[in-house]
$ cat final.cif   # mmCIF, C-alpha atoms
data_upload
loop_
_atom_site.label_atom_id
_atom_site.label_comp_id
_atom_site.auth_asym_id
_atom_site.auth_seq_id
_atom_site.Cartn_x
_atom_site.Cartn_y
_atom_site.Cartn_z
CA MET A 1 -1.25 59.79 46.11
CA ASN A 2 -1.51 57.48 49.11
CA LYS A 3 -0.51 53.84 49.19
CA LYS A 4 -4.12 52.64 49.15
CA ALA A 5 -4.87 54.47 45.87
CA ILE A 6 -1.68 53.10 44.29
CA ALA A 7 -2.65 49.56 45.27
CA ILE A 8 -6.11 49.96 43.74
CA LEU A 9 -4.70 51.32 40.46
CA GLY A 10 -2.18 48.47 40.32
CA ALA A 11 -4.89 45.87 40.79
CA ILE A 12 -6.95 47.44 38.00
CA PHE A 13 -3.92 47.42 35.66
CA LEU A 14 -3.21 43.72 36.36
CA LEU A 15 -6.87 42.85 35.77
CA ILE A 16 -6.80 44.59 32.35
CA VAL A 17 -3.56 42.85 31.30
CA GLY A 18 -4.86 39.47 32.43
CA THR A 19 -8.12 39.91 30.51
CA LEU A 20 -6.29 40.88 27.30
CA GLY A 21 -3.95 37.90 27.70
CA PHE A 22 -6.88 35.53 28.08
CA LEU A 23 -8.59 36.91 24.94
CA VAL A 24 -5.40 36.54 22.88
CA TYR A 25 -4.84 33.01 24.13
CA SER A 26 -8.45 32.03 23.38
CA LYS A 27 -8.20 33.34 19.84
CA TYR A 28 -5.05 31.47 18.86
CA SER A 29 -5.14 28.35 20.99
CA THR A 30 -8.03 26.68 19.11
CA LYS A 31 -6.63 23.40 17.74
CA ALA A 32 -6.76 23.17 13.94
CA PRO A 33 -8.19 19.93 12.58
CA ALA A 34 -5.42 17.54 11.54
CA SER A 35 -5.04 17.19 7.79
CA GLY A 36 -3.73 13.63 8.26
CA LEU A 37 -0.76 11.75 6.85
CA THR A 38 -0.29 9.09 4.24
CA VAL A 39 2.06 6.45 5.56
CA ALA A 40 4.45 8.79 7.31
CA THR A 41 5.24 10.24 10.71
CA THR A 42 6.55 13.53 9.38
CA THR A 43 4.73 16.82 8.73
CA PRO A 44 1.67 16.27 6.52
CA LEU A 45 1.42 17.75 3.06
CA SER A 46 -0.56 20.98 2.82
CA ALA A 47 -4.15 20.66 1.64
CA VAL A 48 -6.51 22.76 -0.42
CA THR A 49 -10.22 23.16 0.23
CA PRO A 50 -11.61 19.73 1.09
CA THR A 51 -13.56 18.07 -1.70
CA PRO A 52 -16.35 15.83 -0.40
CA VAL A 53 -16.21 12.21 -1.50
CA ALA A 54 -19.33 11.22 -3.39
CA ALA A 55 -21.57 9.31 -1.01
CA ALA A 56 -21.48 5.60 -1.72
CA THR A 57 -24.84 3.89 -1.30
CA PRO A 58 -24.33 0.32 -0.07
CA THR A 59 -25.06 -2.01 -2.95
CA SER A 60 -25.56 -5.06 -0.76
CA THR A 61 -28.35 -6.07 1.58
CA PRO A 62 -28.59 -4.49 5.06
CA GLY A 63 -26.03 -5.96 7.40
CA SER A 64 -23.82 -7.12 4.54
CA SER A 65 -20.17 -7.59 5.43
CA ILE A 66 -18.98 -5.90 2.20
CA VAL A 67 -19.40 -2.12 2.09
CA GLN A 68 -18.54 0.38 -0.64
CA LEU A 69 -16.64 3.43 0.66
CA THR A 70 -16.20 5.50 -2.52
CA SER A 71 -18.03 5.76 -5.79
CA ASN A 72 -15.02 7.33 -7.50
CA GLN A 73 -12.16 5.19 -8.80
CA VAL A 74 -9.05 4.83 -6.65
CA ILE A 75 -5.41 3.98 -7.35
CA SER A 76 -3.10 2.36 -4.76
CA PRO A 77 -5.18 3.04 -1.61
CA ALA A 78 -3.19 2.76 1.63
CA LEU A 79 -3.80 3.09 5.36
CA PHE A 80 -2.48 6.10 7.32
CA PHE A 81 0.52 5.25 9.48
CA ASN A 82 -1.66 5.68 12.60
CA GLY A 83 -4.59 3.72 11.18
CA SER A 84 -7.01 6.66 11.35
CA GLY A 85 -7.63 7.12 7.64
CA ILE A 86 -6.88 6.23 4.04
CA THR A 87 -4.95 7.92 1.25
CA TYR A 88 -5.33 7.23 -2.46
CA PHE A 89 -4.93 8.63 -5.97
CA ASP A 90 -7.77 9.12 -8.41
CA ASN A 91 -7.51 8.34 -12.12
CA GLN A 92 -6.69 11.99 -12.92
CA GLY A 93 -3.49 11.76 -10.87
CA ASN A 94 -4.76 13.72 -7.83
CA LEU A 95 -3.89 12.68 -4.28
CA TYR A 96 -6.61 12.44 -1.62
CA GLN A 97 -6.80 11.53 2.01
CA ALA A 98 -9.83 10.90 4.23
CA ASN A 99 -10.50 9.93 7.81
CA LEU A 100 -12.10 6.65 8.85
CA GLN A 101 -15.12 6.99 11.12
CA ASN A 102 -16.66 4.05 12.96
CA ASN A 103 -20.41 4.29 13.53
CA ASN A 104 -21.57 1.28 15.52
CA GLY A 105 -19.26 -1.03 13.62
CA GLN A 106 -19.87 0.50 10.17
CA LEU A 107 -16.98 2.44 8.64
CA THR A 108 -17.32 5.58 6.52
CA LEU A 109 -14.85 8.03 5.00
CA THR A 110 -15.13 11.61 6.29
CA GLY A 111 -13.27 14.88 5.74
CA ASN A 112 -12.03 13.87 2.32
CA THR A 113 -9.28 16.25 1.26
CA LYS A 114 -7.57 16.82 -2.06
CA LEU A 115 -3.92 17.47 -1.25
CA ASP A 116 -1.95 20.33 -2.71
CA VAL A 117 0.09 18.00 -4.91
CA PRO A 118 0.55 18.55 -8.66
CA ALA A 119 -1.62 16.17 -10.69
CA LYS A 120 0.41 13.47 -12.43
CA SER A 121 -1.13 11.93 -15.53
CA GLY A 122 -0.82 8.25 -16.37
CA VAL A 123 -0.29 7.02 -12.80
CA THR A 124 -1.13 3.33 -12.53
CA LYS A 125 0.46 2.51 -9.17
CA ILE A 126 2.06 4.24 -6.19
CA LEU A 127 5.07 2.83 -4.35
CA TRP A 128 4.56 4.00 -0.74
CA PRO A 129 7.57 3.90 1.62
CA SER A 130 7.25 2.56 5.15
CA LYS A 131 8.48 5.92 6.47
CA GLY A 132 8.20 9.50 5.27
CA ASN A 133 5.83 11.49 3.06
CA ASP A 134 7.67 10.97 -0.22
CA PHE A 135 6.47 8.40 -2.75
CA ILE A 136 7.19 7.08 -6.23
CA ALA A 137 4.55 7.00 -8.97
CA GLU A 138 4.63 4.19 -11.52
CA ILE A 139 3.47 5.30 -14.95
CA ASN A 140 2.52 2.83 -17.65
CA ASN A 141 1.78 4.10 -21.17
CA GLY A 142 0.92 0.66 -22.52
CA THR A 143 4.33 -0.07 -24.00
CA SER A 144 6.72 0.85 -21.18
CA THR A 145 6.83 1.59 -17.46
CA THR A 146 8.55 4.67 -16.05
CA TYR A 147 8.83 6.14 -12.56
CA SER A 148 8.53 9.59 -11.02
CA TYR A 149 9.71 10.52 -7.51
CA PHE A 150 7.64 12.98 -5.45
CA ASN A 151 9.58 15.07 -2.94
CA SER A 152 7.07 16.19 -0.30
CA ALA A 153 9.32 18.97 1.05
CA ALA A 154 9.62 20.62 -2.37
CA ALA A 155 6.16 19.44 -3.52
CA THR A 156 7.62 18.48 -6.90
CA TYR A 157 7.93 15.40 -9.09
CA THR A 158 11.23 14.28 -10.58
CA ASP A 159 10.91 11.87 -13.51
CA LEU A 160 13.47 9.10 -13.16
CA PRO A 161 15.64 8.16 -16.13
CA PRO A 162 14.13 5.54 -18.47
CA GLN A 163 17.08 3.27 -17.65
CA VAL A 164 15.46 2.47 -14.28
CA GLU A 165 13.97 -0.95 -14.99
CA SER A 166 12.64 -1.79 -11.52
CA LEU A 167 12.91 -0.39 -7.99
CA ASP A 168 11.69 -0.66 -4.42
CA TRP A 169 12.00 1.45 -1.26
CA MET A 170 14.46 0.63 1.48
CA PRO A 171 12.88 0.59 4.97
CA ASN A 172 14.45 3.94 5.92
CA GLY A 173 12.29 5.74 3.34
CA THR A 174 15.27 7.76 2.10
CA GLN A 175 16.85 5.27 -0.33
CA VAL A 176 15.76 2.94 -3.10
CA MET A 177 17.25 -0.22 -4.54
CA TYR A 178 16.90 -0.35 -8.29
CA ILE A 179 17.97 -2.09 -11.48
CA TRP A 180 19.63 0.08 -14.10
CA LEU A 181 19.40 -1.13 -17.70
CA GLN A 182 21.65 0.47 -20.31
CA ASN A 183 23.11 -0.78 -23.59
CA GLY A 184 21.68 -4.24 -23.01
CA LYS A 185 23.35 -4.67 -19.62
CA SER A 186 21.72 -4.35 -16.20
CA SER A 187 23.15 -3.64 -12.77
CA LEU A 188 21.90 -3.40 -9.20
CA SER A 189 22.21 -0.04 -7.45
CA LEU A 190 21.37 1.61 -4.15
CA GLY A 191 20.74 5.34 -4.12
CA SER A 192 18.60 8.36 -3.41
CA PRO A 193 14.97 8.23 -4.60
CA ASP A 194 15.77 10.57 -7.50
CA THR A 195 18.73 8.25 -8.40
CA LYS A 196 21.09 11.26 -8.62
CA THR A 197 23.37 9.89 -5.93
CA TYR A 198 23.94 6.15 -6.03
CA GLN A 199 26.24 3.20 -5.46
CA THR A 200 26.47 0.40 -8.02
CA LEU A 201 26.33 -2.88 -6.12
CA ALA A 202 26.58 -5.71 -8.66
CA PRO A 203 25.89 -6.72 -12.25
CA MET A 204 22.63 -8.57 -13.00
CA TRP A 205 22.20 -11.45 -15.44
CA GLU A 206 18.75 -10.64 -16.81
CA ASN A 207 17.36 -7.41 -18.20
CA ASP A 208 13.76 -7.76 -17.01
CA ASP A 209 14.03 -8.46 -13.27
CA GLN A 210 11.54 -7.08 -10.76
CA LEU A 211 12.73 -6.25 -7.22
CA SER A 212 11.07 -6.57 -3.81
CA VAL A 213 13.08 -5.42 -0.76
CA SER A 214 12.61 -7.27 2.54
CA PRO A 215 10.97 -5.38 5.45
CA ASP A 216 14.28 -5.18 7.33
CA GLY A 217 16.24 -4.15 4.23
CA SER A 218 18.75 -6.98 4.55
CA GLN A 219 17.97 -8.51 1.15
CA ALA A 220 15.75 -8.32 -1.91
CA LEU A 221 13.90 -10.91 -3.96
CA TYR A 222 13.88 -10.69 -7.74
CA PHE A 223 12.42 -12.61 -10.66
CA GLU A 224 12.15 -12.23 -14.43
CA THR A 225 8.97 -10.67 -15.74
CA ASN A 226 9.19 -11.84 -19.37
CA ASN A 227 10.42 -15.40 -18.95
CA THR A 228 7.83 -17.79 -20.41
CA GLY A 229 10.06 -20.86 -20.28
CA ALA A 230 9.61 -23.98 -18.19
CA ASN A 231 11.46 -22.54 -15.19
CA ASN A 232 11.43 -18.96 -13.92
CA PHE A 233 13.63 -18.66 -10.83
CA ILE A 234 12.98 -16.52 -7.77
CA ASN A 235 16.29 -15.37 -6.36
CA SER A 236 17.58 -13.24 -3.50
CA VAL A 237 20.43 -10.76 -3.23
CA SER A 238 21.88 -9.25 -0.07
CA ALA A 239 21.56 -5.49 0.45
CA ASP A 240 25.27 -5.02 -0.31
CA GLY A 241 24.99 -6.95 -3.58
CA LYS A 242 27.55 -9.56 -2.51
CA ILE A 243 25.45 -12.69 -1.83
CA PHE A 244 23.08 -14.17 -4.43
CA LYS A 245 20.88 -17.21 -3.81
CA GLY A 246 18.44 -19.19 -5.94
CA LEU A 247 15.38 -19.80 -3.76
CA VAL A 248 12.75 -21.21 -6.15
CA LYS A 249 14.26 -23.00 -9.13
CA VAL A 250 11.46 -25.13 -10.52
CA GLY A 251 8.28 -24.06 -12.29
CA GLN A 252 6.86 -20.94 -13.85
CA ASN A 253 6.94 -18.49 -10.93
CA TYR A 254 5.77 -14.90 -10.86
CA GLY A 255 5.23 -12.30 -8.12
CA VAL A 256 6.45 -12.20 -4.51
CA LEU A 257 5.00 -10.84 -1.25
CA TRP A 258 7.12 -10.55 1.91
CA SER A 259 5.66 -11.34 5.34
CA PRO A 260 5.87 -8.45 7.86
CA ASP A 261 8.63 -10.23 9.83
CA GLY A 262 10.71 -10.74 6.67
CA GLN A 263 11.12 -14.47 7.36
CA LYS A 264 8.68 -15.74 4.71
CA PHE A 265 7.28 -14.81 1.35
CA LEU A 266 4.43 -15.82 -0.92
CA PHE A 267 4.81 -16.33 -4.65
CA GLY A 268 2.66 -17.34 -7.58
CA LYS A 269 3.34 -20.59 -9.45
CA LYS A 270 1.54 -21.58 -12.63
CA ASP A 271 -0.13 -24.98 -12.52
CA PRO A 272 1.25 -26.95 -15.51
CA GLU A 273 -2.11 -28.65 -16.15
CA THR A 274 -4.64 -25.84 -15.68
CA GLN A 275 -2.22 -22.99 -16.55
CA GLU A 276 -3.68 -21.10 -13.58
CA TYR A 277 -1.58 -19.48 -10.84
CA GLN A 278 -1.64 -20.81 -7.29
CA ILE A 279 -0.19 -19.21 -4.17
CA TRP A 280 2.87 -20.93 -2.76
CA TYR A 281 4.66 -20.30 0.53
CA ASN A 282 8.39 -20.13 1.29
CA ASN A 283 9.61 -20.12 4.90
CA LEU A 284 13.25 -19.03 4.71
CA THR A 285 14.16 -19.92 8.29
CA ALA A 286 12.50 -23.35 8.33
CA ASP A 287 13.39 -24.11 4.70
CA ILE A 288 9.77 -24.98 3.87
CA VAL A 289 8.27 -24.51 0.42
CA GLU A 290 4.67 -25.64 -0.14
CA ASN A 291 1.55 -25.07 -2.16
CA LEU A 292 -1.24 -23.27 -0.27
CA GLY A 293 -3.87 -24.38 -2.78
CA LEU A 294 -5.34 -20.92 -3.42
CA PHE A 295 -5.89 -20.27 -7.13
CA THR A 296 -5.06 -16.58 -7.22
CA THR A 297 -2.11 -14.19 -7.59
CA VAL A 298 -0.03 -12.28 -5.02
CA ASP A 299 -1.59 -8.92 -5.96
CA LYS A 300 -4.85 -10.30 -4.51
CA VAL A 301 -3.34 -11.38 -1.17
CA VAL A 302 -2.25 -9.63 2.04
CA TRP A 303 -0.42 -10.87 5.14
CA GLY A 304 -1.84 -10.50 8.64
CA SER A 305 0.32 -8.74 11.23
CA ASP A 306 1.28 -12.09 12.81
CA SER A 307 3.18 -13.14 9.65
CA ASN A 308 1.32 -16.46 9.73
CA THR A 309 -2.17 -15.56 8.51
CA ILE A 310 -3.01 -14.46 4.98
CA TYR A 311 -6.19 -13.09 3.41
CA ALA A 312 -6.93 -13.63 -0.27
CA ALA A 313 -9.43 -12.70 -2.95
CA VAL A 314 -9.81 -15.88 -5.01
CA PRO A 315 -11.60 -15.90 -8.39
CA ASN A 316 -14.60 -18.22 -8.47
CA SER A 317 -13.56 -19.09 -12.03
CA GLN A 318 -10.49 -18.10 -13.98
CA PRO A 319 -10.93 -15.47 -16.71
CA SER A 320 -10.84 -16.70 -20.28
CA VAL A 321 -8.78 -13.71 -21.43
CA GLY A 322 -5.51 -12.43 -19.91
CA ASN A 323 -6.36 -9.68 -17.43
CA ALA A 324 -10.15 -9.97 -17.69
CA LEU A 325 -12.20 -9.13 -14.61
CA THR A 326 -13.04 -11.84 -12.11
CA VAL A 327 -15.70 -12.40 -9.45
CA ASP A 328 -13.98 -13.34 -6.20
CA SER A 329 -14.60 -15.04 -2.88
CA PHE A 330 -12.56 -14.12 0.20
CA TYR A 331 -10.48 -16.56 2.24
CA LYS A 332 -8.38 -16.60 5.38
CA MET A 333 -5.57 -19.14 5.70
CA ASP A 334 -3.13 -20.12 8.43
CA THR A 335 0.16 -20.82 6.65
CA THR A 336 1.44 -22.95 9.55
CA THR A 337 -1.51 -25.39 9.70
CA LEU A 338 -2.87 -24.82 6.16
CA SER A 339 -6.38 -24.49 7.63
CA LYS A 340 -8.57 -22.39 5.32
CA THR A 341 -11.71 -20.36 6.00
CA GLN A 342 -14.06 -18.89 3.41
CA TYR A 343 -16.06 -15.79 4.26
CA GLN A 344 -19.73 -15.90 3.27
CA THR A 345 -20.48 -12.43 1.91
CA SER A 346 -24.11 -11.54 1.30
CA THR A 347 -23.72 -9.00 -1.47
CA SER A 348 -25.15 -8.69 -4.96
CA THR A 349 -22.24 -6.51 -6.08
CA PRO A 350 -19.63 -8.39 -8.15
CA VAL A 351 -16.22 -8.02 -6.52
CA ASP A 352 -12.77 -8.34 -8.09
CA GLY A 353 -10.46 -7.62 -5.17
CA GLU A 354 -6.98 -6.16 -5.52
CA ASN A 355 -4.66 -3.87 -3.48
CA LEU A 356 -5.74 -5.62 -0.27
CA PHE A 357 -4.79 -4.15 3.14
CA LEU A 358 -6.02 -4.51 6.72
CA ASP A 359 -6.83 -1.82 9.26
CA SER A 360 -4.91 -1.56 12.53
CA THR A 361 -7.41 -3.82 14.33
CA GLY A 362 -7.16 -6.59 11.75
CA GLN A 363 -10.98 -6.74 11.66
CA ASN A 364 -11.55 -4.94 8.36
CA LEU A 365 -10.10 -5.93 5.01
CA PHE A 366 -9.93 -3.06 2.50
CA PHE A 367 -9.56 -3.53 -1.23
CA LYS A 368 -10.03 -1.89 -4.60
CA ASN A 369 -12.85 -3.47 -6.57
CA ALA A 370 -11.53 -3.73 -10.12
CA GLN A 371 -15.11 -4.16 -11.34
CA ASP A 372 -15.83 -0.45 -10.79
CA GLY A 373 -12.55 0.93 -9.40
CA GLY A 374 -14.11 1.90 -6.05
CA LEU A 375 -12.76 1.39 -2.55
CA TYR A 376 -14.56 -1.28 -0.49
CA TYR A 377 -14.04 -3.13 2.76
CA LEU A 378 -15.01 -6.50 4.19
CA ASN A 379 -15.91 -6.61 7.88
CA LEU A 380 -14.25 -9.88 8.87
CA SER A 381 -16.08 -10.14 12.19
CA GLN A 382 -19.50 -9.76 10.52
CA ALA A 383 -18.80 -12.08 7.61
CA GLN A 384 -19.91 -15.63 8.35
CA ALA A 385 -16.89 -17.89 8.07
CA GLN A 386 -16.90 -21.50 6.98
CA GLY A 387 -13.86 -23.67 7.69
CA GLN A 388 -12.42 -25.97 5.07
#
$ encode --input "final.cif" --output "structure tokens"
Amino acid sequence: MNKKAIAILGAIFLLIVGTLGFLVYSKYSTKAPASGLTVATTTPLSAVTPTPVAAATPTSTPGSSIVQLTSNQVISPALFFNGSGITYFDNQGNLYQANLQNNNGQLTLTGNTKLDVPAKSGVTKILWPSKGNDFIAEINNGTSTTYSYFNSAAATYTDLPPQVESLDWMPNGTQVMYIWLQNGKSSLSLGSPDTKTYQTLAPMWENDDQLSVSPDGSQALYFETNNTGANNFINSVSADGKIFKGLVKVGQNYGVLWSPDGQKFLFGKKDPETQEYQIWYNNLTADIVENLGLFTTVDKVVWGSDSNTIYAAVPNSQPSVGNALTVDSFYKMDTTTLSKTQYQTSTSTPVDGENLFLDSTGQNLFFKNAQDGGLYYLNLSQAQAQGQ
């Protein structure tokens, strides 16, 4: 066989190999659609066949700034870490996630997916960490509150011992700070989310404290949940359990909400005349404590990313019975100047806002509407604002 024939056969062989390689690459290089994450940067949880979210017909007039995103009830909705979607539980204890799609300024949820996570009955709240895919479910049976830790790697729940009275995530997403109550005595501990490995930090004086860890993990705020006396302190403790401080010592105080920079916090204080809660502000670095004049509670407020602005759902009138539903108006307030803006929302749907959170642009305020349990959002740029 001459050299010319060998060259021709070699070229044909290379052409065949190249064609096969291209076909194989084309078959397996198609990018799979991302299943999304909750509030983590790690590998997402596996998902089963997507279940479409029931279409939510807007209940307000065209162009309204308040829009309903889901017709099904949600528990502890939260924004994805990258701002591209929302994750939430339903009232059967199933975990869902969906993408946010912007169509000419109107947001919708698309690609709703039920995650391959065991259903957990009785879930009333989810404690999301700032990092990682794990989470802690709060379960309230009407007489007591218990906790269950979900390990995303093992895809299993671990029920925490009933001695865990209160807890909160540390910023690293791998530890929790918690109060352990046993034989009438409580102590502060730092440990793994399943509480199997831990370090006891300090004894506590009350048996009904609720914890809230600062964004940088340097300290935690705590207050009594069952104190109905004239004064209910809000205190702080350092992350090593060595330094305790009394921060708010006068009045009936309940609930705390850290600012993103960890330099300030909001708290609720009961007005002694009206017996209604108002939002107060504590600037730890400037040593400023003042009344913001918003008659609402911290579970109906969220901080803006600048750690100066807050957004609040404020009841138009206080309920006559305990936890009765309210009809709210929405406000924006600058905590440095105390200037307040009310959003004029043209909607016929009654709204009782809770679990507030903002999207990554700060232009859309999401919330659970306690009136029907659905997920809604308020387009802040479309809502007509009126300064006060």
$ resolve_selection --input "final.cif" --expression "the PyMOL selection byres ((chain A and resi 137-143) around 9)" --output "MDAnalysis selection string"
chainID A and resid 120:128 135:136 144:150
$ write_last_selection --input "final.cif" --atoms "C-alpha atoms" --output "JSON list (two decimals), keeping the file's coordinate frame"
[["chain", "number", "residue", "atom", "x", "y", "z"],
["A", 120, "LYS", "CA", 0.41, 13.47, -12.43],
["A", 121, "SER", "CA", -1.13, 11.93, -15.53],
["A", 122, "GLY", "CA", -0.82, 8.25, -16.37],
["A", 123, "VAL", "CA", -0.29, 7.02, -12.80],
["A", 124, "THR", "CA", -1.13, 3.33, -12.53],
["A", 125, "LYS", "CA", 0.46, 2.51, -9.17],
["A", 126, "ILE", "CA", 2.06, 4.24, -6.19],
["A", 127, "LEU", "CA", 5.07, 2.83, -4.35],
["A", 128, "TRP", "CA", 4.56, 4.00, -0.74],
["A", 135, "PHE", "CA", 6.47, 8.40, -2.75],
["A", 136, "ILE", "CA", 7.19, 7.08, -6.23],
["A", 144, "SER", "CA", 6.72, 0.85, -21.18],
["A", 145, "THR", "CA", 6.83, 1.59, -17.46],
["A", 146, "THR", "CA", 8.55, 4.67, -16.05],
["A", 147, "TYR", "CA", 8.83, 6.14, -12.56],
["A", 148, "SER", "CA", 8.53, 9.59, -11.02],
["A", 149, "TYR", "CA", 9.71, 10.52, -7.51],
["A", 150, "PHE", "CA", 7.64, 12.98, -5.45]]
$ atom_distance --input "final.cif" --atom1 "atom CA of A:Leu107" --atom2 "atom CA of A:Pro129"
25.6 Å
$ atom_distance --input "final.cif" --atom1 "atom CA of A:Leu181" --atom2 "atom CA of A:Pro203"
10.2 Å
$ closest_residue --input "final.cif" --among "A:Ile310, A:Leu100, A:Ile279, A:Val117" --to "A:Phe295" --atoms "only C-alpha atoms"
A:Ile279
$ atom_distance --input "final.cif" --atom1 "atom CA of A:Ser329" --atom2 "atom CA of A:Gln344"
8.1 Å
$ closest_residue --input "final.cif" --among "A:Asp208, A:Pro171, A:Gln219, A:Pro77" --to "A:Leu356" --atoms "all atoms listed in the file"
A:Pro77
$ resolve_selection --input "final.cif" --expression "the PyMOL selection byres ((chain A and resi 365-371) around 6)" --output "PDB file with C-alpha atoms, in the frame of the given file"
ATOM      1  CA  VAL A 351     -16.220  -8.020  -6.520  1.00  0.00           C
ATOM      2  CA  ASP A 352     -12.770  -8.340  -8.090  1.00  0.00           C
ATOM      3  CA  GLY A 353     -10.460  -7.620  -5.170  1.00  0.00           C
ATOM      4  CA  GLU A 354      -6.980  -6.160  -5.520  1.00  0.00           C
ATOM      5  CA  ASN A 355      -4.660  -3.870  -3.480  1.00  0.00           C
ATOM      6  CA  LEU A 356      -5.740  -5.620  -0.270  1.00  0.00           C
ATOM      7  CA  PHE A 357      -4.790  -4.150   3.140  1.00  0.00           C
ATOM      8  CA  LEU A 358      -6.020  -4.510   6.720  1.00  0.00           C
ATOM      9  CA  ASN A 364     -11.550  -4.940   8.360  1.00  0.00           C
ATOM     10  CA  ASP A 372     -15.830  -0.450 -10.790  1.00  0.00           C
ATOM     11  CA  GLY A 373     -12.550   0.930  -9.400  1.00  0.00           C
ATOM     12  CA  GLY A 374     -14.110   1.900  -6.050  1.00  0.00           C
ATOM     13  CA  LEU A 375     -12.760   1.390  -2.550  1.00  0.00           C
ATOM     14  CA  TYR A 376     -14.560  -1.280  -0.490  1.00  0.00           C
ATOM     15  CA  TYR A 377     -14.040  -3.130   2.760  1.00  0.00           C
ATOM     16  CA  LEU A 378     -15.010  -6.500   4.190  1.00  0.00           C
TER      17      LEU A 378
END
$ resolve_selection --input "final.cif" --expression "the PyMOL selection byres ((chain A and resi 261) around 9)" --output "MDAnalysis selection string"
chainID A and resid 214:216 258:260 262:264 305:307
$ closest_residue --input "final.cif" --among "A:Asn379, A:Thr336, A:Asn91, A:Ser238" --to "A:Asp359" --atoms "all atoms listed in the file"
A:Asn379
$ closest_residue --input "final.cif" --among "A:Gly132, A:Gly191, A:Ala153, A:Gln363" --to "A:Asn172" --atoms "only C-alpha atoms"
A:Gly132
$ residues_near_point --input "final.cif" --point "(6.9, -25.1, -10.5)" --cutoff "10 Å" --atoms "only C-alpha atoms" --output "list in words"
Ala230, Asn231, Asn232, Phe233, Val248, Lys249, Val250, Gly251, Gln252, Asn253, Gly268, Lys269, Lys270, Asp271, Pro272, Trp280 and Asn291 of chain A
$ closest_residue --input "final.cif" --among "A:Met177, A:Leu201, A:Val327, A:Ala78" --to "A:Asn99" --atoms "only C-alpha atoms"
A:Ala78
$ closest_residue --input "final.cif" --among "A:Leu160, A:Val213, A:Leu380, A:Leu221" --to "A:Ser192" --atoms "only C-alpha atoms"
A:Leu160
$ residues_near_point --input "final.cif" --point "(-3.2, 15.3, -4.6)" --cutoff "10 Å" --atoms "only C-alpha atoms" --output "number ranges by chain"
A: 45-48, 87-90, 92-97, 113-120
